[in-house]
>>> print(open('work.pdb').read())   # PDB, C-alpha atoms, pLDDT in the B column
ATOM      1  CA  MET A   1       0.000   0.000   0.000  1.00 42.00           C
ATOM      2  CA  LYS A   2       1.330   3.427  -0.913  1.00 55.00           C
ATOM      3  CA  ASP A   3       2.210   5.929   1.783  1.00 59.00           C
ATOM      4  CA  GLN A   4      -0.674   8.433   2.010  1.00 64.00           C
ATOM      5  CA  SER A   5       1.067  10.855   4.362  1.00 74.00           C
ATOM      6  CA  CYS A   6       1.805  14.417   3.276  1.00 78.00           C
ATOM      7  CA  LYS A   7       5.437  15.332   2.723  1.00 84.00           C
ATOM      8  CA  PRO A   8       7.089  18.714   2.148  1.00 87.00           C
ATOM      9  CA  CYS A   9       8.396  19.479  -1.314  1.00 90.00           C
ATOM     10  CA  ALA A  10      12.146  19.310  -1.737  1.00 92.00           C
ATOM     11  CA  GLU A  11      14.266  22.405  -2.228  1.00 93.00           C
ATOM     12  CA  GLY A  12      13.991  23.747  -5.765  1.00 91.00           C
ATOM     13  CA  ARG A  13      10.335  22.683  -6.004  1.00 91.00           C
ATOM     14  CA  TYR A  14       6.990  24.051  -4.785  1.00 88.00           C
ATOM     15  CA  SER A  15       3.403  23.002  -4.108  1.00 84.00           C
ATOM     16  CA  LEU A  16       0.169  24.984  -3.723  1.00 77.00           C
ATOM     17  CA  GLY A  17      -1.329  22.536  -1.204  1.00 77.00           C
ATOM     18  CA  THR A  18      -5.033  22.561  -2.116  1.00 78.00           C
ATOM     19  CA  GLY A  19      -4.367  24.162  -5.483  1.00 85.00           C
ATOM     20  CA  ILE A  20      -2.621  23.339  -8.736  1.00 87.00           C
ATOM     21  CA  ARG A  21      -0.909  25.664 -11.188  1.00 88.00           C
ATOM     22  CA  PHE A  22       0.227  25.253 -14.778  1.00 90.00           C
ATOM     23  CA  ASP A  23       2.822  27.852 -15.747  1.00 88.00           C
ATOM     24  CA  GLU A  24       5.186  25.827 -17.942  1.00 87.00           C
ATOM     25  CA  TRP A  25       4.165  24.878 -21.461  1.00 93.00           C
ATOM     26  CA  ASP A  26       7.162  23.110 -22.957  1.00 91.00           C
ATOM     27  CA  GLU A  27       4.717  20.264 -23.554  1.00 93.00           C
ATOM     28  CA  LEU A  28       1.049  19.622 -22.851  1.00 94.00           C
ATOM     29  CA  PRO A  29       0.813  19.040 -19.059  1.00 91.00           C
ATOM     30  CA  HIS A  30      -0.511  15.756 -17.725  1.00 89.00           C
ATOM     31  CA  GLY A  31      -4.318  15.718 -17.639  1.00 91.00           C
ATOM     32  CA  PHE A  32      -4.824  18.193 -20.505  1.00 96.00           C
ATOM     33  CA  ALA A  33      -6.193  17.184 -23.904  1.00 95.00           C
ATOM     34  CA  SER A  34      -6.276  19.112 -27.179  1.00 94.00           C
ATOM     35  CA  LEU A  35      -9.088  18.171 -29.559  1.00 92.00           C
ATOM     36  CA  SER A  36     -10.035  19.424 -33.017  1.00 89.00           C
ATOM     37  CA  ALA A  37     -13.184  19.381 -35.121  1.00 84.00           C
ATOM     38  CA  ASN A  38     -14.696  20.832 -38.263  1.00 76.00           C
ATOM     39  CA  MET A  39     -17.810  22.745 -37.202  1.00 59.00           C
ATOM     40  CA  GLU A  40     -19.001  23.501 -40.760  1.00 54.00           C
ATOM     41  CA  LEU A  41     -22.274  21.794 -41.676  1.00 44.00           C
ATOM     42  CA  ASP A  42     -21.998  22.494 -45.393  1.00 48.00           C
ATOM     43  CA  ASP A  43     -19.971  19.883 -47.307  1.00 48.00           C
ATOM     44  CA  SER A  44     -18.366  22.402 -49.659  1.00 46.00           C
ATOM     45  CA  ALA A  45     -17.281  24.570 -46.730  1.00 44.00           C
ATOM     46  CA  ALA A  46     -15.942  21.517 -44.953  1.00 45.00           C
ATOM     47  CA  GLU A  47     -13.852  20.615 -47.993  1.00 48.00           C
ATOM     48  CA  SER A  48     -12.370  24.121 -48.106  1.00 44.00           C
ATOM     49  CA  THR A  49     -11.141  23.876 -44.516  1.00 45.00           C
ATOM     50  CA  GLY A  50      -9.471  20.551 -45.199  1.00 55.00           C
ATOM     51  CA  ASN A  51      -8.488  18.033 -42.548  1.00 73.00           C
ATOM     52  CA  CYS A  52      -8.732  19.467 -39.030  1.00 83.00           C
ATOM     53  CA  THR A  53      -6.949  16.641 -37.215  1.00 79.00           C
ATOM     54  CA  SER A  54      -3.720  18.663 -36.983  1.00 80.00           C
ATOM     55  CA  SER A  55      -5.487  21.778 -35.666  1.00 87.00           C
ATOM     56  CA  LYS A  56      -4.425  21.882 -32.008  1.00 92.00           C
ATOM     57  CA  TRP A  57      -3.511  24.128 -29.121  1.00 96.00           C
ATOM     58  CA  VAL A  58       0.301  24.183 -29.177  1.00 96.00           C
ATOM     59  CA  PRO A  59       2.592  24.588 -26.105  1.00 96.00           C
ATOM     60  CA  ARG A  60       5.065  27.466 -26.597  1.00 95.00           C
ATOM     61  CA  GLY A  61       7.147  27.514 -23.427  1.00 90.00           C
ATOM     62  CA  ASP A  62       5.583  30.162 -21.168  1.00 90.00           C
ATOM     63  CA  TYR A  63       2.114  29.856 -22.725  1.00 95.00           C
ATOM     64  CA  ILE A  64      -0.055  27.717 -24.991  1.00 97.00           C
ATOM     65  CA  ALA A  65      -1.270  29.050 -28.364  1.00 97.00           C
ATOM     66  CA  SER A  66      -4.532  28.330 -30.175  1.00 96.00           C
ATOM     67  CA  ASN A  67      -5.050  27.290 -33.768  1.00 92.00           C
ATOM     68  CA  THR A  68      -5.328  29.952 -36.502  1.00 89.00           C
ATOM     69  CA  ASP A  69      -7.047  27.910 -39.223  1.00 87.00           C
ATOM     70  CA  GLU A  70     -10.775  27.558 -39.930  1.00 86.00           C
ATOM     71  CA  CYS A  71     -11.192  24.626 -37.587  1.00 90.00           C
ATOM     72  CA  THR A  72     -12.383  24.426 -33.997  1.00 93.00           C
ATOM     73  CA  ALA A  73      -9.700  23.513 -31.461  1.00 95.00           C
ATOM     74  CA  THR A  74     -10.523  22.711 -27.837  1.00 96.00           C
ATOM     75  CA  LEU A  75      -8.157  22.599 -24.879  1.00 97.00           C
ATOM     76  CA  MET A  76      -9.743  20.716 -21.979  1.00 96.00           C
ATOM     77  CA  TYR A  77      -8.897  19.693 -18.427  1.00 96.00           C
ATOM     78  CA  ALA A  78     -10.965  17.663 -15.934  1.00 93.00           C
ATOM     79  CA  VAL A  79     -10.587  18.137 -12.176  1.00 92.00           C
ATOM     80  CA  ASN A  80     -12.428  16.878  -9.098  1.00 90.00           C
ATOM     81  CA  LEU A  81     -12.844  19.434  -6.305  1.00 91.00           C
ATOM     82  CA  LYS A  82     -13.410  18.462  -2.678  1.00 87.00           C
ATOM     83  CA  GLN A  83     -14.641  21.975  -1.944  1.00 89.00           C
ATOM     84  CA  SER A  84     -15.777  24.983  -3.965  1.00 91.00           C
ATOM     85  CA  GLY A  85     -12.890  26.685  -5.715  1.00 92.00           C
ATOM     86  CA  THR A  86     -11.862  28.803  -8.676  1.00 93.00           C
ATOM     87  CA  VAL A  87     -10.007  28.588 -11.952  1.00 95.00           C
ATOM     88  CA  ASN A  88      -7.846  31.589 -12.875  1.00 95.00           C
ATOM     89  CA  PHE A  89      -5.794  32.193 -15.983  1.00 97.00           C
ATOM     90  CA  GLU A  90      -4.244  34.939 -18.080  1.00 96.00           C
ATOM     91  CA  TYR A  91      -5.055  35.282 -21.756  1.00 97.00           C
ATOM     92  CA  TYR A  92      -4.039  37.354 -24.769  1.00 97.00           C
ATOM     93  CA  TYR A  93      -6.786  37.668 -27.389  1.00 97.00           C
ATOM     94  CA  PRO A  94      -5.906  40.402 -29.909  1.00 94.00           C
ATOM     95  CA  ASP A  95      -7.778  39.255 -33.033  1.00 92.00           C
ATOM     96  CA  SER A  96     -11.585  39.286 -33.325  1.00 91.00           C
ATOM     97  CA  SER A  97     -11.457  37.040 -36.409  1.00 90.00           C
ATOM     98  CA  ILE A  98     -11.050  34.192 -33.904  1.00 92.00           C
ATOM     99  CA  ILE A  99     -13.999  33.263 -31.697  1.00 93.00           C
ATOM    100  CA  PHE A 100     -12.714  32.428 -28.210  1.00 96.00           C
ATOM    101  CA  GLU A 101     -14.858  30.885 -25.502  1.00 95.00           C
ATOM    102  CA  PHE A 102     -14.153  29.463 -22.053  1.00 96.00           C
ATOM    103  CA  PHE A 103     -16.733  27.431 -20.167  1.00 93.00           C
ATOM    104  CA  VAL A 104     -17.065  24.826 -17.431  1.00 93.00           C
ATOM    105  CA  GLN A 105     -19.278  21.737 -17.329  1.00 90.00           C
ATOM    106  CA  ASN A 106     -19.964  19.208 -14.585  1.00 80.00           C
ATOM    107  CA  ASP A 107     -19.847  15.441 -15.137  1.00 68.00           C
ATOM    108  CA  GLN A 108     -23.456  15.525 -16.434  1.00 60.00           C
ATOM    109  CA  CYS A 109     -22.334  17.989 -19.154  1.00 61.00           C
ATOM    110  CA  GLN A 110     -24.305  20.804 -17.513  1.00 62.00           C
ATOM    111  CA  PRO A 111     -22.675  24.249 -17.759  1.00 63.00           C
ATOM    112  CA  ASN A 112     -22.116  26.420 -14.705  1.00 61.00           C
ATOM    113  CA  ALA A 113     -24.942  28.934 -14.287  1.00 56.00           C
ATOM    114  CA  ASP A 114     -22.623  31.936 -13.833  1.00 54.00           C
ATOM    115  CA  ASP A 115     -20.294  30.941 -16.620  1.00 52.00           C
ATOM    116  CA  SER A 116     -18.789  33.832 -18.653  1.00 67.00           C
ATOM    117  CA  ARG A 117     -18.517  31.882 -21.872  1.00 86.00           C
ATOM    118  CA  TRP A 118     -17.588  34.393 -24.568  1.00 91.00           C
ATOM    119  CA  MET A 119     -14.250  36.093 -24.025  1.00 94.00           C
ATOM    120  CA  LYS A 120     -13.622  39.727 -24.953  1.00 93.00           C
ATOM    121  CA  THR A 121     -10.641  40.739 -27.041  1.00 94.00           C
ATOM    122  CA  THR A 122      -7.734  42.199 -25.113  1.00 94.00           C
ATOM    123  CA  GLU A 123      -6.678  45.753 -25.899  1.00 85.00           C
ATOM    124  CA  LYS A 124      -3.778  46.255 -23.496  1.00 87.00           C
ATOM    125  CA  GLY A 125      -1.885  42.974 -23.526  1.00 92.00           C
ATOM    126  CA  TRP A 126      -2.542  40.094 -21.139  1.00 95.00           C
ATOM    127  CA  GLU A 127      -5.737  40.050 -19.083  1.00 95.00           C
ATOM    128  CA  PHE A 128      -6.833  38.013 -16.054  1.00 95.00           C
ATOM    129  CA  HIS A 129      -9.963  35.832 -15.976  1.00 94.00           C
ATOM    130  CA  SER A 130     -11.498  33.989 -13.010  1.00 93.00           C
ATOM    131  CA  VAL A 131     -14.490  31.633 -12.772  1.00 92.00           C
ATOM    132  CA  GLU A 132     -15.931  29.981  -9.654  1.00 91.00           C
ATOM    133  CA  LEU A 133     -16.035  26.176  -9.613  1.00 91.00           C
ATOM    134  CA  ASN A 134     -18.490  23.933  -7.786  1.00 90.00           C
ATOM    135  CA  ARG A 135     -17.558  21.009  -5.597  1.00 90.00           C
ATOM    136  CA  GLY A 136     -17.307  17.745  -7.541  1.00 91.00           C
ATOM    137  CA  ASN A 137     -16.218  17.059 -11.097  1.00 92.00           C
ATOM    138  CA  ASN A 138     -15.509  20.031 -13.354  1.00 93.00           C
ATOM    139  CA  VAL A 139     -14.425  19.921 -16.989  1.00 94.00           C
ATOM    140  CA  LEU A 140     -12.763  23.119 -18.236  1.00 95.00           C
ATOM    141  CA  TYR A 141     -12.884  24.073 -21.921  1.00 95.00           C
ATOM    142  CA  TRP A 142     -10.896  26.681 -23.856  1.00 97.00           C
ATOM    143  CA  ARG A 143     -12.261  26.677 -27.431  1.00 96.00           C
ATOM    144  CA  THR A 144     -11.306  28.679 -30.521  1.00 95.00           C
ATOM    145  CA  THR A 145     -12.622  28.878 -34.080  1.00 91.00           C
ATOM    146  CA  ALA A 146     -10.916  31.090 -36.653  1.00 84.00           C
ATOM    147  CA  PHE A 147     -12.445  32.773 -39.701  1.00 78.00           C
ATOM    148  CA  SER A 148     -10.185  33.921 -42.509  1.00 67.00           C
ATOM    149  CA  VAL A 149     -10.442  37.556 -43.576  1.00 61.00           C
ATOM    150  CA  TRP A 150      -9.126  37.880 -47.134  1.00 60.00           C
ATOM    151  CA  THR A 151      -5.662  36.321 -47.007  1.00 62.00           C
ATOM    152  CA  LYS A 152      -4.829  37.546 -43.522  1.00 77.00           C
ATOM    153  CA  VAL A 153      -3.759  34.889 -41.018  1.00 81.00           C
ATOM    154  CA  PRO A 154      -5.281  35.718 -37.614  1.00 88.00           C
ATOM    155  CA  LYS A 155      -3.160  36.060 -34.507  1.00 91.00           C
ATOM    156  CA  PRO A 156      -3.590  33.106 -32.115  1.00 94.00           C
ATOM    157  CA  VAL A 157      -5.136  33.265 -28.666  1.00 97.00           C
ATOM    158  CA  LEU A 158      -2.522  32.746 -25.934  1.00 97.00           C
ATOM    159  CA  VAL A 159      -3.216  31.319 -22.456  1.00 97.00           C
ATOM    160  CA  ARG A 160      -0.830  31.039 -19.495  1.00 95.00           C
ATOM    161  CA  ASN A 161      -0.646  30.683 -15.691  1.00 93.00           C
ATOM    162  CA  ILE A 162      -3.700  28.463 -15.195  1.00 95.00           C
ATOM    163  CA  ALA A 163      -4.399  28.003 -11.458  1.00 93.00           C
ATOM    164  CA  ILE A 164      -7.137  25.893  -9.853  1.00 94.00           C
ATOM    165  CA  THR A 165      -8.100  25.924  -6.159  1.00 91.00           C
ATOM    166  CA  GLY A 166     -10.310  23.542  -4.196  1.00 90.00           C
ATOM    167  CA  VAL A 167      -8.596  20.209  -4.859  1.00 85.00           C
ATOM    168  CA  ALA A 168      -8.148  17.851  -1.898  1.00 72.00           C
ATOM    169  CA  TYR A 169      -4.375  17.826  -2.127  1.00 71.00           C
ATOM    170  CA  THR A 170      -1.546  18.239  -4.584  1.00 69.00           C
ATOM    171  CA  SER A 171      -0.186  14.895  -5.716  1.00 70.00           C
ATOM    172  CA  GLU A 172       3.126  16.269  -6.975  1.00 76.00           C
ATOM    173  CA  CYS A 173       5.628  19.055  -6.471  1.00 84.00           C
ATOM    174  CA  PHE A 174       6.564  21.300  -9.369  1.00 84.00           C
ATOM    175  CA  PRO A 175      10.111  22.464 -10.189  1.00 88.00           C
ATOM    176  CA  CYS A 176      10.828  26.175 -10.001  1.00 90.00           C
ATOM    177  CA  LYS A 177      10.911  27.886 -13.384  1.00 86.00           C
ATOM    178  CA  PRO A 178      14.160  29.294 -14.805  1.00 87.00           C
ATOM    179  CA  GLY A 179      14.847  32.650 -13.197  1.00 88.00           C
ATOM    180  CA  THR A 180      13.353  31.541  -9.856  1.00 91.00           C
ATOM    181  CA  TYR A 181      14.453  29.352  -6.928  1.00 94.00           C
ATOM    182  CA  ALA A 182      13.266  27.742  -3.673  1.00 94.00           C
ATOM    183  CA  ASP A 183      15.901  27.466  -0.943  1.00 93.00           C
ATOM    184  CA  LYS A 184      13.688  25.731   1.652  1.00 93.00           C
ATOM    185  CA  GLN A 185      11.649  22.557   1.850  1.00 91.00           C
ATOM    186  CA  GLY A 186       7.867  22.896   1.764  1.00 89.00           C
ATOM    187  CA  SER A 187       7.799  26.053  -0.369  1.00 89.00           C
ATOM    188  CA  SER A 188       4.438  27.217  -1.749  1.00 84.00           C
ATOM    189  CA  PHE A 189       6.080  29.501  -4.322  1.00 85.00           C
ATOM    190  CA  CYS A 190       9.458  30.187  -5.920  1.00 90.00           C
ATOM    191  CA  LYS A 191      11.375  33.421  -5.388  1.00 90.00           C
ATOM    192  CA  LEU A 192      12.626  35.592  -8.254  1.00 89.00           C
ATOM    193  CA  CYS A 193      16.364  35.830  -8.844  1.00 91.00           C
ATOM    194  CA  PRO A 194      17.812  39.315  -8.259  1.00 89.00           C
ATOM    195  CA  ALA A 195      19.357  41.364 -11.052  1.00 86.00           C
ATOM    196  CA  ASN A 196      22.733  40.183 -12.417  1.00 89.00           C
ATOM    197  CA  SER A 197      22.002  36.586 -11.461  1.00 91.00           C
ATOM    198  CA  TYR A 198      20.293  33.619 -13.124  1.00 91.00           C
ATOM    199  CA  SER A 199      18.925  30.150 -12.437  1.00 92.00           C
ATOM    200  CA  ASN A 200      17.860  27.110 -14.395  1.00 91.00           C
ATOM    201  CA  LYS A 201      14.836  24.887 -13.827  1.00 89.00           C
ATOM    202  CA  GLY A 202      14.492  23.407 -10.321  1.00 92.00           C
ATOM    203  CA  GLU A 203      17.258  25.470  -8.715  1.00 94.00           C
ATOM    204  CA  THR A 204      17.747  26.011  -4.977  1.00 95.00           C
ATOM    205  CA  SER A 205      19.701  29.254  -5.444  1.00 94.00           C
ATOM    206  CA  CYS A 206      20.643  31.813  -8.085  1.00 94.00           C
ATOM    207  CA  HIS A 207      24.074  32.150  -9.674  1.00 92.00           C
ATOM    208  CA  GLN A 208      25.980  35.346 -10.297  1.00 92.00           C
ATOM    209  CA  CYS A 209      26.562  36.269 -13.922  1.00 91.00           C
ATOM    210  CA  ASP A 210      30.125  36.084 -15.237  1.00 88.00           C
ATOM    211  CA  PRO A 211      32.109  39.346 -15.012  1.00 85.00           C
ATOM    212  CA  ASP A 212      31.628  40.036 -18.734  1.00 84.00           C
ATOM    213  CA  LYS A 213      27.862  39.361 -18.647  1.00 82.00           C
ATOM    214  CA  TYR A 214      24.805  40.805 -16.973  1.00 77.00           C
ATOM    215  CA  SER A 215      21.058  40.372 -16.587  1.00 75.00           C
ATOM    216  CA  ASP A 216      18.891  43.464 -16.664  1.00 62.00           C
ATOM    217  CA  THR A 217      15.691  41.760 -15.476  1.00 54.00           C
ATOM    218  CA  THR A 218      14.752  39.722 -12.417  1.00 44.00           C
ATOM    219  CA  HIS A 219      13.664  36.663 -14.387  1.00 47.00           C
ATOM    220  CA  VAL A 220      16.666  35.353 -16.279  1.00 43.00           C
ATOM    221  CA  GLN A 221      17.814  31.836 -17.048  1.00 44.00           C
ATOM    222  CA  MET A 222      21.178  30.589 -18.218  1.00 41.00           C
ATOM    223  CA  GLY A 223      21.825  31.602 -21.809  1.00 39.00           C
ATOM    224  CA  GLN A 224      19.851  34.828 -21.527  1.00 41.00           C
ATOM    225  CA  ALA A 225      22.640  36.833 -19.901  1.00 40.00           C
ATOM    226  CA  GLU A 226      23.994  39.290 -22.440  1.00 38.00           C
ATOM    227  CA  ASN A 227      27.569  40.130 -23.291  1.00 33.00           C
ATOM    228  CA  LEU A 228      28.555  43.656 -22.397  1.00 30.00           C
TER
END
>>> encode(input="work.pdb", output="structure tokens")
Amino acid sequence: MKDQSCKPCAEGRYSLGTGIRFDEWDELPHGFASLSANMELDDSAAESTGNCTSSKWVPRGDYIASNTDECTATLMYAVNLKQSGTVNFEYYYPDSSIIFEFFVQNDQCQPNADDSRWMKTTEKGWEFHSVELNRGNNVLYWRTTAFSVWTKVPKPVLVRNIAITGVAYTSECFPCKPGTYADKQGSSFCKLCPANSYSNKGETSCHQCDPDKYSDTTHVQMGQAENL
């Protein structure tokens, strides 16, 4: 039988306790799925959009990017909450030629009553969005459908820093991102490296830049220090 006791995260890693956070998108995190479909009902229109099987949300490091073709791509994540909670995320939605919706359903496919489904385009960069979640099973959906305007390729929707509260416990610890560190066990967050220092993923401390290099921000990883 597996040990069910709670243990502190090791140095260089963090845990949110009753919450989970997804802030690294080098690959699709465990539990997420990216699905695609052709929503056109007309056969001729369906032929013009071609095969939609390759139309996906694509991880891009610090964020995940939507499709830009005339297909519907859905990013989804299912979570069971032991108490009422929230889902928060940041999004960048600059192009109205893409329809972007976010909604939540329970395990009977019933949407939340207070769900803000249709997202508004962002005018000043990244914006924050929060939705309350009910106790029990919740399925989260980020869905995009693009419409071509002349020959212009629309700009994708970007999503990052997804955080969910209300889970019973966190089943894993997450490594600190490059440019941050955790020097103690049981950390709930990672600290930013000071200027003129850097760190790589999962570090317990920051390292000073070489004498002929510097970092002019407080979020720098190895390889981003510039030559003077």
>>> atom_distance(input="work.pdb", atom1="CA of Ala33 (chain A)", atom2="CA of Cys176 (chain A)")
23.7 Å
>>> atom_distance(input="work.pdb", atom1="CA of Thr72 (chain A)", atom2="CA of Ala146 (chain A)")
7.3 Å
>>> closest_residue(input="work.pdb", among="A:Arg13, A:Val79, A:Cys52, A:Ser5", to="Phe32 (chain A)", atoms="only C-alpha atoms")
A:Val79
>>> atom_distance(input="work.pdb", atom1="CA of Thr145 (chain A)", atom2="CA of Gly125 (chain A)")
20.6 Å
>>> resolve_selection(input="work.pdb", expression="the PyMOL selection byres ((chain A and resi 167-173) around 9)", output="number ranges by chain")
A: 6, 8-10, 13-20, 79-85, 164-166, 174-175
>>> residues_around(input="work.pdb", residues="Phe128 (chain A)", least_positions_apart="2", cutoff="9 Å", atoms="all atoms listed in the file", output="VMD selection string")
chain A and resid 88 to 91 126 130
>>> residues_around(input="work.pdb", residues="Thr74 (chain A)", least_positions_apart="2", cutoff="8 Å", atoms="only C-alpha atoms", output="PyMOL selection string")
chain A and resi 34-36+56-57+72+76+141-144
>>> residues_around(input="work.pdb", residues="Lys120 (chain A)", least_positions_apart="4", cutoff="12 Å", atoms="all atoms listed in the file", output="JSON, numbers by chain")
{"A": [91, 92, 93, 94, 95, 96, 97, 98, 99, 100, 101, 102, 116, 124, 126, 127, 128, 129, 157]}
>>> residues_around(input="work.pdb", residues="region 59-66 of chain A", least_positions_apart="2", cutoff="6 Å", atoms="all atoms listed in the file", output="list in words")
Glu24, Trp25, Asp26, Glu27, Trp57, Pro156, Val157, Leu158, Val159 and Arg160 of chain A
>>> closest_residue(input="work.pdb", among="A:Ala78, A:Thr122, A:Arg117, A:Lys177", to="Asn137 (chain A)", atoms="only C-alpha atoms")
A:Ala78
>>> residues_near_point(input="work.pdb", point="(23.3, 36.6, -14.8)", cutoff="6 Å", atoms="only C-alpha atoms", output="NGL selection string")
:A and (196-198 or 208-209 or 214-215 or 225)
>>> write_last_selection(input="work.pdb", atoms="C-alpha atoms", output="PDB file, in the frame of the given file")
ATOM      1  CA  ASN A 196      22.733  40.183 -12.417  1.00 89.00           C
ATOM      2  CA  SER A 197      22.002  36.586 -11.461  1.00 91.00           C
ATOM      3  CA  TYR A 198      20.293  33.619 -13.124  1.00 91.00           C
ATOM      4  CA  GLN A 208      25.980  35.346 -10.297  1.00 92.00           C
ATOM      5  CA  CYS A 209      26.562  36.269 -13.922  1.00 91.00           C
ATOM      6  CA  TYR A 214      24.805  40.805 -16.973  1.00 77.00           C
ATOM      7  CA  SER A 215      21.058  40.372 -16.587  1.00 75.00           C
ATOM      8  CA  ALA A 225      22.640  36.833 -19.901  1.00 40.00           C
TER       9      ALA A 225
END
